[in-house]
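Student: Sharing structure.txt below, compact mmCIF, C-alpha atoms and all ligand atoms:
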# COMPACT_ATOMS: atom_id res chain seq x y z
CA MET A 1 -19.54 -44.87 -7.66
CA THR A 2 -17.76 -47.12 -5.20
CA THR A 3 -14.73 -46.84 -3.00
CA PRO A 4 -12.62 -50.01 -3.21
CA THR A 5 -10.23 -51.14 -0.52
CA SER A 6 -6.57 -50.45 -1.23
CA SER A 7 -5.98 -54.07 -2.22
CA GLU A 8 -8.57 -53.75 -4.98
CA THR A 9 -7.16 -50.65 -6.57
CA PHE A 10 -4.19 -51.91 -8.56
CA ARG A 11 -5.83 -53.75 -11.43
CA ILE A 12 -9.07 -51.91 -11.77
CA ASP A 13 -8.44 -50.94 -15.39
CA ALA A 14 -6.69 -54.12 -16.46
CA VAL A 15 -8.53 -56.09 -19.12
CA ALA A 16 -5.62 -58.21 -20.33
CA ALA A 17 -2.50 -58.80 -18.28
CA PRO A 18 -0.22 -55.77 -18.47
CA VAL A 19 3.20 -56.03 -20.07
CA LEU A 20 4.73 -53.62 -17.60
CA GLU A 21 3.36 -52.18 -14.39
CA ALA A 22 4.30 -50.13 -11.40
CA VAL A 23 2.49 -51.37 -8.32
CA ASP A 24 2.21 -49.03 -5.34
CA VAL A 25 5.64 -47.58 -6.10
CA THR A 26 7.36 -45.00 -3.90
CA LYS A 27 10.68 -43.28 -4.61
CA HIS A 28 12.54 -41.08 -2.14
CA PHE A 29 15.92 -39.52 -2.91
CA THR A 30 18.39 -38.37 -0.27
CA VAL A 31 20.00 -35.03 -1.15
CA ARG A 32 22.20 -32.50 0.64
CA ASP A 33 21.51 -28.79 0.78
CA SER A 34 24.15 -26.07 0.38
CA LEU A 35 25.09 -26.44 4.09
CA GLY A 36 25.60 -30.18 3.72
CA ARG A 37 22.43 -31.12 5.61
CA LYS A 38 20.57 -34.23 4.46
CA ALA A 39 17.06 -33.94 3.10
CA THR A 40 14.63 -36.41 1.55
CA VAL A 41 12.94 -35.66 -1.75
CA ARG A 42 9.61 -37.51 -1.78
CA ALA A 43 9.43 -37.73 -5.56
CA VAL A 44 6.80 -40.46 -6.01
CA GLU A 45 4.34 -41.82 -3.44
CA ASN A 46 2.37 -45.05 -3.86
CA ALA A 47 1.90 -44.71 -7.61
CA SER A 48 0.48 -47.49 -9.79
CA VAL A 49 0.20 -47.68 -13.56
CA ALA A 50 -0.27 -50.63 -15.94
CA LEU A 51 0.86 -50.66 -19.58
CA HIS A 52 -0.84 -53.02 -22.04
CA ALA A 53 0.16 -54.17 -25.53
CA GLY A 54 -1.34 -51.95 -28.23
CA LYS A 55 -2.34 -49.19 -25.80
CA VAL A 56 -0.99 -45.75 -24.91
CA VAL A 57 -1.20 -44.40 -21.37
CA ALA A 58 -0.55 -40.66 -21.10
CA LEU A 59 1.00 -39.52 -17.83
CA VAL A 60 0.27 -35.83 -17.39
CA GLY A 61 1.19 -33.21 -14.82
CA GLU A 62 3.31 -30.13 -14.25
CA SER A 63 7.10 -30.11 -14.01
CA GLY A 64 8.15 -31.74 -10.76
CA SER A 65 5.04 -33.91 -10.52
CA GLY A 66 7.05 -37.14 -10.55
CA LYS A 67 6.26 -38.20 -14.13
CA THR A 68 9.86 -38.58 -15.23
CA THR A 69 10.87 -40.29 -11.98
CA LEU A 70 8.11 -42.85 -12.45
CA ALA A 71 9.22 -43.47 -16.07
CA ARG A 72 12.79 -43.94 -14.91
CA LEU A 73 11.66 -46.38 -12.24
CA LEU A 74 9.81 -48.30 -14.97
CA ALA A 75 13.03 -48.24 -17.03
CA GLN A 76 15.03 -49.52 -14.01
CA PHE A 77 17.32 -46.48 -13.96
CA TYR A 78 17.19 -46.67 -10.20
CA PRO A 79 15.54 -48.94 -7.64
CA VAL A 80 12.19 -48.27 -6.00
CA THR A 81 12.08 -47.27 -2.34
CA SER A 82 9.01 -49.48 -1.92
CA GLY A 83 6.47 -51.17 -4.16
CA GLN A 84 7.17 -53.25 -7.25
CA ILE A 85 7.94 -52.90 -10.94
CA ARG A 86 6.67 -55.99 -12.80
CA LEU A 87 7.47 -57.06 -16.35
CA ASP A 88 5.12 -59.76 -17.68
CA GLY A 89 4.03 -60.37 -14.12
CA THR A 90 7.59 -60.93 -12.85
CA SER A 91 9.24 -58.48 -10.49
CA ALA A 92 11.84 -56.40 -12.31
CA PRO A 93 14.99 -57.65 -10.53
CA ALA A 94 14.04 -61.25 -11.34
CA ALA A 95 13.58 -60.38 -15.02
CA GLY A 96 17.39 -59.92 -15.31
CA ARG A 97 19.16 -58.44 -18.33
CA GLY A 98 16.26 -59.36 -20.60
CA TYR A 99 14.40 -56.49 -18.96
CA PHE A 100 16.38 -53.89 -20.87
CA ARG A 101 15.55 -55.52 -24.20
CA ARG A 102 11.84 -55.37 -23.46
CA VAL A 103 11.65 -51.83 -22.06
CA GLN A 104 13.13 -48.80 -23.82
CA LEU A 105 13.10 -45.14 -22.80
CA ILE A 106 12.93 -42.32 -25.37
CA PHE A 107 14.36 -39.09 -24.03
CA GLN A 108 13.05 -35.57 -24.37
CA ASP A 109 16.17 -34.18 -26.06
CA PRO A 110 17.21 -36.12 -29.19
CA PHE A 111 20.24 -33.86 -29.66
CA SER A 112 21.92 -35.00 -26.45
CA SER A 113 20.76 -38.62 -26.56
CA LEU A 114 22.61 -39.41 -29.82
CA ASN A 115 26.40 -39.30 -30.28
CA SER A 116 27.00 -36.55 -32.82
CA LEU A 117 30.32 -38.05 -33.94
CA HIS A 118 28.82 -41.19 -35.42
CA ARG A 119 26.79 -41.76 -38.54
CA ILE A 120 23.24 -43.13 -38.27
CA ARG A 121 24.53 -46.39 -39.77
CA HIS A 122 26.82 -46.82 -36.74
CA ILE A 123 24.27 -45.69 -34.13
CA LEU A 124 21.55 -48.08 -35.27
CA GLY A 125 23.95 -50.82 -36.37
CA ARG A 126 25.55 -50.91 -32.94
CA ALA A 127 22.18 -51.43 -31.24
CA LEU A 128 21.39 -54.26 -33.66
CA ARG A 129 24.77 -55.93 -33.15
CA VAL A 130 24.88 -55.60 -29.35
CA HIS A 131 21.48 -57.24 -29.02
CA GLY A 132 22.23 -59.99 -31.54
CA HIS A 133 19.77 -58.90 -34.23
CA ALA A 134 22.39 -58.53 -36.98
CA SER A 135 25.99 -59.64 -37.42
CA THR A 136 27.39 -59.32 -40.95
CA LYS A 137 27.97 -55.93 -42.59
CA ALA A 138 25.32 -56.66 -45.24
CA GLU A 139 22.81 -57.74 -42.62
CA VAL A 140 23.41 -54.60 -40.55
CA HIS A 141 23.04 -52.44 -43.68
CA GLU A 142 19.68 -53.98 -44.61
CA LYS A 143 18.31 -53.84 -41.08
CA VAL A 144 19.35 -50.23 -40.55
CA LEU A 145 17.52 -49.30 -43.78
CA GLU A 146 14.49 -51.24 -42.57
CA LEU A 147 14.53 -49.39 -39.24
CA LEU A 148 14.76 -46.01 -40.99
CA ARG A 149 11.74 -46.91 -43.13
CA ARG A 150 9.76 -48.00 -40.06
CA VAL A 151 10.18 -44.54 -38.59
CA ASN A 152 9.37 -42.87 -41.92
CA LEU A 153 12.88 -41.57 -42.63
CA THR A 154 12.68 -42.17 -46.35
CA PRO A 155 14.33 -42.66 -48.74
CA ALA A 156 16.31 -44.50 -46.07
CA GLU A 157 19.43 -44.45 -48.27
CA ASP A 158 19.50 -40.64 -47.91
CA PHE A 159 19.75 -40.84 -44.10
CA ILE A 160 21.92 -43.86 -43.37
CA ASP A 161 25.23 -42.00 -43.70
CA LYS A 162 24.17 -38.73 -42.12
CA ARG A 163 25.48 -37.56 -38.76
CA PRO A 164 23.09 -36.23 -36.09
CA ARG A 165 24.26 -32.64 -36.63
CA GLU A 166 23.09 -32.86 -40.23
CA MET A 167 19.52 -33.69 -39.21
CA SER A 168 16.55 -31.77 -37.80
CA GLY A 169 15.12 -32.33 -34.30
CA GLY A 170 12.17 -34.28 -35.69
CA GLN A 171 14.44 -36.50 -37.77
CA LEU A 172 16.69 -37.11 -34.75
CA GLN A 173 13.75 -38.07 -32.55
CA ARG A 174 12.81 -40.62 -35.24
CA VAL A 175 16.37 -41.98 -35.08
CA SER A 176 16.02 -42.23 -31.27
CA ILE A 177 12.83 -44.21 -31.75
CA ALA A 178 14.51 -46.38 -34.41
CA ARG A 179 17.37 -47.11 -32.00
CA ALA A 180 14.85 -48.20 -29.38
CA LEU A 181 13.05 -50.38 -31.96
CA ALA A 182 16.36 -52.02 -32.97
CA ILE A 183 16.29 -53.81 -29.63
CA ARG A 184 12.76 -55.15 -30.34
CA PRO A 185 11.11 -53.86 -27.19
CA ALA A 186 7.58 -54.59 -26.00
CA VAL A 187 7.32 -51.24 -24.19
CA LEU A 188 8.35 -47.69 -25.12
CA LEU A 189 8.51 -45.05 -22.40
CA GLY A 190 8.40 -41.63 -24.06
CA ASP A 191 9.55 -38.87 -21.69
CA GLU A 192 8.13 -35.70 -23.28
CA PRO A 193 9.27 -36.98 -26.70
CA ILE A 194 7.84 -34.04 -28.68
CA SER A 195 8.28 -31.13 -26.28
CA MET A 196 11.64 -30.00 -27.73
CA LEU A 197 10.52 -30.36 -31.33
CA ASP A 198 9.27 -27.68 -33.65
CA VAL A 199 5.47 -27.41 -33.46
CA SER A 200 5.19 -28.25 -37.17
CA ILE A 201 6.71 -31.71 -36.74
CA ARG A 202 5.19 -32.75 -33.41
CA LEU A 203 2.16 -34.26 -35.08
CA ASP A 204 4.39 -36.41 -37.32
CA VAL A 205 6.12 -37.93 -34.29
CA LEU A 206 2.79 -38.49 -32.50
CA ASN A 207 1.49 -40.25 -35.62
CA LEU A 208 4.59 -42.41 -35.69
CA LEU A 209 4.03 -43.45 -32.07
CA ALA A 210 0.36 -44.19 -32.88
CA LYS A 211 1.49 -46.36 -35.79
CA LEU A 212 3.85 -48.34 -33.54
CA ARG A 213 0.97 -48.92 -31.13
CA ASP A 214 -1.59 -49.87 -33.80
CA GLU A 215 0.55 -51.84 -36.25
CA GLU A 216 3.19 -53.34 -33.98
CA GLY A 217 1.23 -53.67 -30.73
CA LEU A 218 3.75 -51.82 -28.58
CA ALA A 219 2.75 -50.71 -25.10
CA LEU A 220 3.47 -47.01 -24.68
CA LEU A 221 3.79 -44.62 -21.79
CA TYR A 222 3.54 -41.08 -23.09
CA ILE A 223 4.71 -38.46 -20.60
CA THR A 224 3.58 -34.93 -21.26
CA HIS A 225 2.35 -31.71 -19.70
CA ASP A 226 0.31 -31.08 -22.84
CA ILE A 227 -3.33 -32.16 -22.51
CA ALA A 228 -4.02 -31.76 -26.24
CA SER A 229 -1.33 -34.22 -27.31
CA ALA A 230 -2.37 -36.62 -24.52
CA ARG A 231 -5.89 -36.52 -25.88
CA TYR A 232 -4.68 -37.06 -29.44
CA LEU A 233 -2.42 -40.04 -28.78
CA SER A 234 -3.53 -41.86 -25.66
CA ASP A 235 -6.16 -44.42 -24.75
CA GLU A 236 -5.92 -43.81 -21.01
CA VAL A 237 -4.77 -40.83 -18.95
CA ARG A 238 -3.11 -40.74 -15.54
CA VAL A 239 -2.62 -37.45 -13.71
CA MET A 240 0.20 -36.84 -11.22
CA TYR A 241 0.55 -33.97 -8.80
CA ALA A 242 3.58 -33.49 -6.54
CA GLY A 243 4.43 -37.19 -6.63
CA GLN A 244 0.88 -38.45 -6.03
CA MET A 245 -1.23 -40.16 -8.71
CA VAL A 246 -4.52 -38.27 -8.32
CA GLU A 247 -6.75 -39.31 -11.23
CA GLY A 248 -6.99 -41.78 -14.09
CA GLY A 249 -9.27 -43.46 -16.56
CA PRO A 250 -10.28 -43.50 -20.24
CA LYS A 251 -8.98 -40.33 -21.87
CA GLU A 252 -12.31 -38.88 -22.92
CA ALA A 253 -13.81 -39.44 -19.47
CA VAL A 254 -10.88 -37.74 -17.74
CA ILE A 255 -10.66 -34.83 -20.16
CA GLN A 256 -14.40 -34.26 -20.62
CA SER A 257 -15.33 -34.79 -16.99
CA PRO A 258 -12.34 -34.48 -14.62
CA LYS A 259 -13.03 -35.73 -11.11
CA HIS A 260 -10.07 -34.09 -9.38
CA PRO A 261 -9.71 -30.31 -8.96
CA TYR A 262 -6.09 -30.45 -10.14
CA THR A 263 -7.03 -32.25 -13.36
CA ARG A 264 -9.69 -29.64 -13.95
CA LEU A 265 -7.12 -26.91 -13.44
CA LEU A 266 -4.70 -28.55 -15.89
CA ILE A 267 -7.37 -28.91 -18.55
CA GLU A 268 -8.79 -25.44 -18.14
CA SER A 269 -5.32 -23.89 -18.17
CA SER A 270 -4.37 -25.58 -21.43
CA PRO A 271 -4.64 -23.52 -24.62
CA ASP A 272 -7.96 -24.13 -26.34
CA PRO A 273 -9.08 -21.86 -29.17
CA ASP A 274 -12.68 -23.01 -28.68
CA ARG A 275 -12.82 -21.54 -25.18
CA SER A 276 -13.48 -17.81 -24.96
CA SER A 277 -13.10 -17.48 -21.20
CA GLY A 278 -9.82 -17.76 -19.31
CA GLY A 279 -8.71 -20.95 -17.61
CA GLY A 280 -8.47 -21.58 -13.91
CA LEU A 281 -10.35 -23.23 -11.09
CA ARG A 282 -13.39 -21.71 -9.43
CA ASP A 283 -15.03 -22.62 -6.17
CA ALA A 284 -18.76 -23.17 -5.73
CA SER A 285 -19.32 -19.41 -5.45
CA GLY A 286 -17.74 -18.96 -8.87
CA SER A 287 -14.75 -16.93 -7.72
CA ALA A 288 -11.45 -17.72 -9.35
CA GLU A 289 -8.68 -18.81 -6.99
CA ASP A 290 -5.05 -17.79 -6.90
CA LEU A 291 -3.60 -21.26 -7.22
CA GLY A 292 0.05 -20.53 -6.48
CA GLU A 293 3.00 -22.82 -7.18
CA PRO A 294 3.56 -26.59 -6.85
CA PRO A 295 4.98 -27.54 -3.42
CA SER A 296 8.52 -28.53 -2.48
CA LEU A 297 8.94 -32.29 -2.47
CA THR A 298 11.44 -32.13 0.40
CA ASN A 299 8.72 -30.82 2.68
CA PRO A 300 5.44 -31.59 0.92
CA PRO A 301 2.03 -30.68 2.34
CA SER A 302 0.40 -33.36 4.48
CA GLY A 303 -2.54 -35.43 3.22
CA CYS A 304 -3.57 -34.40 -0.27
CA ARG A 305 -0.58 -32.42 -1.52
CA PHE A 306 -2.86 -30.22 -3.60
CA HIS A 307 -4.62 -28.81 -0.54
CA PRO A 308 -2.71 -25.48 -0.30
CA ARG A 309 -3.87 -24.69 -3.87
CA CYS A 310 -7.32 -26.25 -3.76
CA PRO A 311 -10.42 -24.05 -3.37
CA PHE A 312 -12.35 -27.04 -1.98
CA ALA A 313 -9.82 -28.02 0.72
CA MET A 314 -11.29 -29.21 4.03
CA ASP A 315 -9.84 -30.61 7.24
CA ASP A 316 -9.66 -34.19 5.94
CA CYS A 317 -7.55 -32.99 3.00
CA ARG A 318 -4.81 -31.82 5.37
CA ARG A 319 -5.12 -34.95 7.51
CA ALA A 320 -4.84 -37.82 4.99
CA PHE A 321 -4.56 -38.69 1.32
CA PRO A 322 -8.01 -39.95 0.30
CA GLU A 323 -8.77 -43.48 -0.87
CA ARG A 324 -9.52 -43.99 -4.55
CA THR A 325 -13.11 -43.39 -5.65
CA THR A 326 -14.06 -45.31 -8.81
CA PHE A 327 -16.81 -44.24 -11.20
CA ASP A 328 -18.97 -46.28 -13.55
CA ASP A 329 -16.83 -45.85 -16.67
CA GLY A 330 -13.60 -46.90 -14.97
CA GLN A 331 -12.50 -43.36 -14.19
CA TRP A 332 -11.13 -42.85 -10.68
CA ALA A 333 -9.83 -40.06 -8.47
CA HIS A 334 -8.29 -39.54 -5.05
CA CYS A 335 -10.30 -36.61 -3.67
CA TRP A 336 -12.18 -36.11 -0.44
CA LEU A 337 -15.00 -34.33 -2.30
CA HIS A 338 -16.26 -37.71 -3.55
CA GLN A 339 -15.81 -39.37 -0.16
CA HIS A 340 -17.97 -36.65 1.41
CA GLY A 341 -20.70 -36.75 -1.26
CA ARG A 342 -19.67 -33.33 -2.58
CA SER A 343 -18.89 -34.35 -6.19
CA ALA A 344 -21.44 -31.89 -7.53
CA GLU A 345 -19.42 -28.94 -6.21
CA LEU A 346 -16.62 -29.82 -8.59
CA GLU A 347 -19.03 -30.41 -11.45
CA ASN A 348 -20.59 -26.99 -10.88
CA SER A 349 -17.31 -25.16 -10.41
CA SER A 350 -16.93 -24.39 -14.09
CA GLY A 351 -19.39 -24.21 -16.95
CA LYS A 352 -16.75 -24.34 -19.62
CA ASP A 353 -17.42 -26.63 -22.54
CA ARG A 354 -14.54 -29.06 -23.15
CA SER A 355 -16.09 -30.86 -26.12
FE1 LIG B 401 -8.91 -30.54 -2.96
FE2 LIG B 401 -9.20 -32.01 -0.79
FE3 LIG B 401 -9.77 -33.04 -3.18
FE4 LIG B 401 -7.24 -32.57 -2.48
S1 LIG B 401 -8.64 -34.04 -1.53
S2 LIG B 401 -8.17 -32.07 -4.40
S3 LIG B 401 -7.45 -30.69 -1.26
S4 LIG B 401 -10.82 -31.33 -2.14
Rewrite the structure from the file as structure tokens, please.
Tutor:
Amino acid sequence: MTTPTSSETFRIDAVAAPVLEAVDVTKHFTVRDSLGRKATVRAVENASVALHAGKVVALVGESGSGKTTLARLLAQFYPVTSGQIRLDGTSAPAAGRGYFRRVQLIFQDPFSSLNSLHRIRHILGRALRVHGHASTKAEVHEKVLELLRRVNLTPAEDFIDKRPREMSGGQLQRVSIARALAIRPAVLLGDEPISMLDVSIRLDVLNLLAKLRDEEGLALLYITHDIASARYLSDEVRVMYAGQMVEGGPKEAVIQSPKHPYTRLLIESSPDPDRSSGGGLRDASGSAEDLGEPPSLTNPPSGCRFHPRCPFAMDDCRRAFPERTTFDDGQWAHCWLHQHGRSAELENSSGKDRS
């Protein structure tokens, strides 16, 4: 394994040029507490991620890890505090209005993201008209039917005149995806797109997203706290903790052999019927740790923000966030264990089989 300089870290996993990327992005929000005092929420710190055509990157982490903020920065909902968002190699502000045709965000809650007063014909037809992809009534009709078929809402004629309240959550999420596709994007950013759906239909929506990647070459960011669905859908995984990007790499490498204690905790805490023992993180002595709660982002821990919960924490962890350590298969992690030649302690901390 090697430890690159910071200037080498941004494109380590890039084979082709990315369609969309966040480069060393930081986002701080100013808020006021109940007494009117100003505070800074350090939501994302120096995060980088690159999205390529025909590939899915899963962004995983607990609530409050900064996943949604990063997706919204990629969607240009608000400006970065520092760093850059680049579309086709051009910084986002220079990309102009065309940016919003190329990058579409799919929200977690399809019920609130669609206007319940309008029929599906109007919802999808409006997106087509506004972006100049259909003009006449007949053209809109045909293209709305085509969109419904692309998202497997068939027979399309049965859905075109329905209103959102007449449809299930899974059907509505397909309409949300169809509305995004109406604009002919190159990138879809899915912010927990299946988490509010019934378990029985989650797989259908994941398969639809996989089809859009494989058959239409879309670049996808899939945000989730669910390791199993990340493993099912993604090609690459990125792990965020308290605003810091802590690990990444090919999905099987990250899930089979996590190099960051937090990733290991996430994986071992996820439901897995093949594992008989309970989840959790153990130190080298084998004792399970009480891992507590994620930190406040208005006053986050210094250095590695995971250190108050980490059974391996050492002085350096409190002092500074570690440089990236890269491994042979392209996997990487920000953890002082690897910088101090103590990788084996993490490897030996759990004997659970993740295959
Ligand atoms: Fe734990 Fe330190 Fe690694 Fe952070 S850097 S995960 S505190 S060992």
Student: Name the residues in contact with A:Asp235 at a cut-off of 7 Å, using all atoms listed in the file, excluding same-chain residues fewer than 3 positions from it; report them as a PyMOL selection string.
Tutor: chain A and resi 55-57+250-251
Student: Next, the residues of the selection above should be written as a PDB file, in the coordinates of the input with C-alpha atoms.
Tutor:
ATOM      1  CA  LYS A  55      -2.340 -49.190 -25.800  1.00  0.00           C
ATOM      2  CA  VAL A  56      -0.990 -45.750 -24.910  1.00  0.00           C
ATOM      3  CA  VAL A  57      -1.200 -44.400 -21.370  1.00  0.00           C
ATOM      4  CA  PRO A 250     -10.280 -43.500 -20.240  1.00  0.00           C
ATOM      5  CA  LYS A 251      -8.980 -40.330 -21.870  1.00  0.00           C
TER       6      LYS A 251
END
Student: Using all atoms listed in the file, which residues of the polymer chains come no farther than 10 Å from ligand LIG 401 (chain B)? I'd like the answer as JSON, numbers by chain.
Tutor: {"A": [241, 246, 259, 260, 261, 262, 263, 264, 303, 304, 305, 306, 307, 308, 309, 310, 311, 312, 313, 314, 315, 316, 317, 318, 319, 320, 321, 322, 323, 333, 334, 335, 336, 337, 338, 339, 340, 342, 343, 345, 346]}
Student: What does the structure give for the distance between atom CA of A:His133 and atom CA of A:Leu145, in Å to one decimal?
Tutor: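 Atom-to-atom, atom CA of A:His133 and atom CA of A:Leu145 are spaced 13.7 Å apart.
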Student: In Å, with one decimal, what is the gap from atom CA of A:Ser302 to atom CA of A:Ala75?
Tutor: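 So the answer is 29.0 Å.
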Student: Quick one: distance from atom CA of A:Phe107 to atom CA of A:Pro193 in Å, one decimal?
Tutor: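 Result for atom CA of A:Phe107 versus atom CA of A:Pro193: 6.1 Å, one decimal.
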Student: Calculated over all atoms listed in the file, which of the candidates A:Arg231, A:Ser296, A:Asn115, A:Asp226 has the smallest distance to A:Ser270?
Tutor: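 Closest residue, counting all atoms listed in the file: A:Asp226.
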Student: Just want the 12 Å neighbourhood of A:Leu233, counted on only C-alpha atoms, with same-chain residues fewer than 3 positions away dropped. Output as an NGL selection string.
Tutor: :A and (54-59 or 190 or 194 or 202-214 or 220-224 or 226-230 or 236-237 or 251-252)
Student: With distances taken over only C-alpha atoms, which residue among A:Leu73, A:Ser112, A:Ala180, A:Gly169 lies nearest A:Ser200?
Tutor: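 Smallest separation from A:Ser200 among the options: A:Gly169.
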Student: In terms of the shortest atom-to-atom distance over all atoms listed in the file, which of A:Val187, A:Ala47, A:Val140, A:Asn348 is closest to A:Leu87?
Tutor: A:Val187
Student: Excluding A:Leu51 and its own-chain neighbours fewer than 2 positions away, which residues fall within 6 Å of it when counting all atoms listed in the file? Please give them as a ChimeraX atom specification.
Tutor: /A:18-21,219
Student: So that I have them on file, write out the residues from the current selection with C-alpha atoms, as a tab-separated table (two decimals), in the frame of the given file.
Tutor:
chain	number	residue	atom	x	y	z
A	18	PRO	CA	-0.22	-55.77	-18.47
A	19	VAL	CA	3.20	-56.03	-20.07
A	20	LEU	CA	4.73	-53.62	-17.60
A	21	GLU	CA	3.36	-52.18	-14.39
A	219	ALA	CA	2.75	-50.71	-25.10
Student: Residues within 8 Å of A:Asp161, please, as a list in words. Count all atoms listed in the file; anything in the same chain fewer than 2 positions from it doesn't count.
Tutor: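 Those residues are Arg119, Ile120, Arg121, Glu157, Asp158, Phe159 and Arg163 of chain A.
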Student: What lies within 9 Å of A:Glu45 using only C-alpha atoms, ignoring chain neighbours under 3 positions off, as a ChimeraX atom specification?
Tutor: /A:24-28,42,66,242-245
Student: Under the rule that all atoms listed in the file are counted, which of A:Leu297, A:Phe327, A:Glu139, A:Val44 is the nearest residue to A:Ala253?
Tutor: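 Going through A:Leu297, A:Phe327, A:Glu139, A:Val44 one by one, the smallest distance to A:Ala253 is for A:Phe327.
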Student: Could you check the closest approach to A:Ile106 for each of A:Asn299, A:Ser63, A:Thr68, A:Ser34 and tell me which residue wins, using all atoms listed in the file?
Tutor: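 Smallest separation from A:Ile106 among the options: A:Thr68.
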Student: Name the closest residue to A:Val103 among the candidates A:Leu148, A:Leu188, A:Leu35, A:Met196; distances are taken between atoms, counting all atoms listed in the file.
Tutor: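 Residue with the minimum atom-to-atom distance to A:Val103: A:Leu188.
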Student: Could I see stretch 213-226 of chain A restored to N, CA and C atoms, set down as an mmCIF file, in the coordinates of the input?
Tutor:
data_model
loop_
_atom_site.group_PDB
_atom_site.id
_atom_site.type_symbol
_atom_site.label_atom_id
_atom_site.label_comp_id
_atom_site.auth_asym_id
_atom_site.auth_seq_id
_atom_site.Cartn_x
_atom_site.Cartn_y
_atom_site.Cartn_z
ATOM 1 N N ARG A 213 1.983 -48.294 -31.987
ATOM 2 C CA ARG A 213 0.970 -48.920 -31.130
ATOM 3 C C ARG A 213 0.016 -49.777 -31.970
ATOM 4 N N ASP A 214 -0.513 -49.203 -33.053
ATOM 5 C CA ASP A 214 -1.590 -49.870 -33.800
ATOM 6 C C ASP A 214 -1.077 -51.014 -34.656
ATOM 7 N N GLU A 215 0.082 -50.825 -35.294
ATOM 8 C CA GLU A 215 0.550 -51.840 -36.250
ATOM 9 C C GLU A 215 1.506 -52.832 -35.625
ATOM 10 N N GLU A 216 2.193 -52.435 -34.559
ATOM 11 C CA GLU A 216 3.190 -53.340 -33.980
ATOM 12 C C GLU A 216 2.825 -53.759 -32.569
ATOM 13 N N GLY A 217 1.724 -53.221 -32.038
ATOM 14 C CA GLY A 217 1.230 -53.670 -30.730
ATOM 15 C C GLY A 217 2.115 -53.303 -29.560
ATOM 16 N N LEU A 218 2.914 -52.236 -29.711
ATOM 17 C CA LEU A 218 3.750 -51.820 -28.580
ATOM 18 C C LEU A 218 2.902 -51.223 -27.469
ATOM 19 N N ALA A 219 3.336 -51.417 -26.248
ATOM 20 C CA ALA A 219 2.750 -50.710 -25.100
ATOM 21 C C ALA A 219 3.520 -49.409 -24.936
ATOM 22 N N LEU A 220 2.794 -48.315 -24.750
ATOM 23 C CA LEU A 220 3.470 -47.010 -24.680
ATOM 24 C C LEU A 220 3.060 -46.221 -23.459
ATOM 25 N N LEU A 221 4.054 -45.633 -22.810
ATOM 26 C CA LEU A 221 3.790 -44.620 -21.790
ATOM 27 C C LEU A 221 4.207 -43.294 -22.396
ATOM 28 N N TYR A 222 3.276 -42.364 -22.474
ATOM 29 C CA TYR A 222 3.540 -41.080 -23.090
ATOM 30 C C TYR A 222 3.478 -39.999 -22.011
ATOM 31 N N ILE A 223 4.640 -39.472 -21.656
ATOM 32 C CA ILE A 223 4.710 -38.460 -20.600
ATOM 33 C C ILE A 223 4.625 -37.083 -21.226
ATOM 34 N N THR A 224 3.750 -36.262 -20.689
ATOM 35 C CA THR A 224 3.580 -34.930 -21.260
ATOM 36 C C THR A 224 2.935 -33.987 -20.244
ATOM 37 N N HIS A 225 3.138 -32.674 -20.459
ATOM 38 C CA HIS A 225 2.350 -31.710 -19.700
ATOM 39 C C HIS A 225 1.287 -31.110 -20.598
ATOM 40 N N ASP A 226 1.183 -31.643 -21.822
ATOM 41 C CA ASP A 226 0.310 -31.080 -22.840
ATOM 42 C C ASP A 226 -0.952 -31.939 -22.983
#
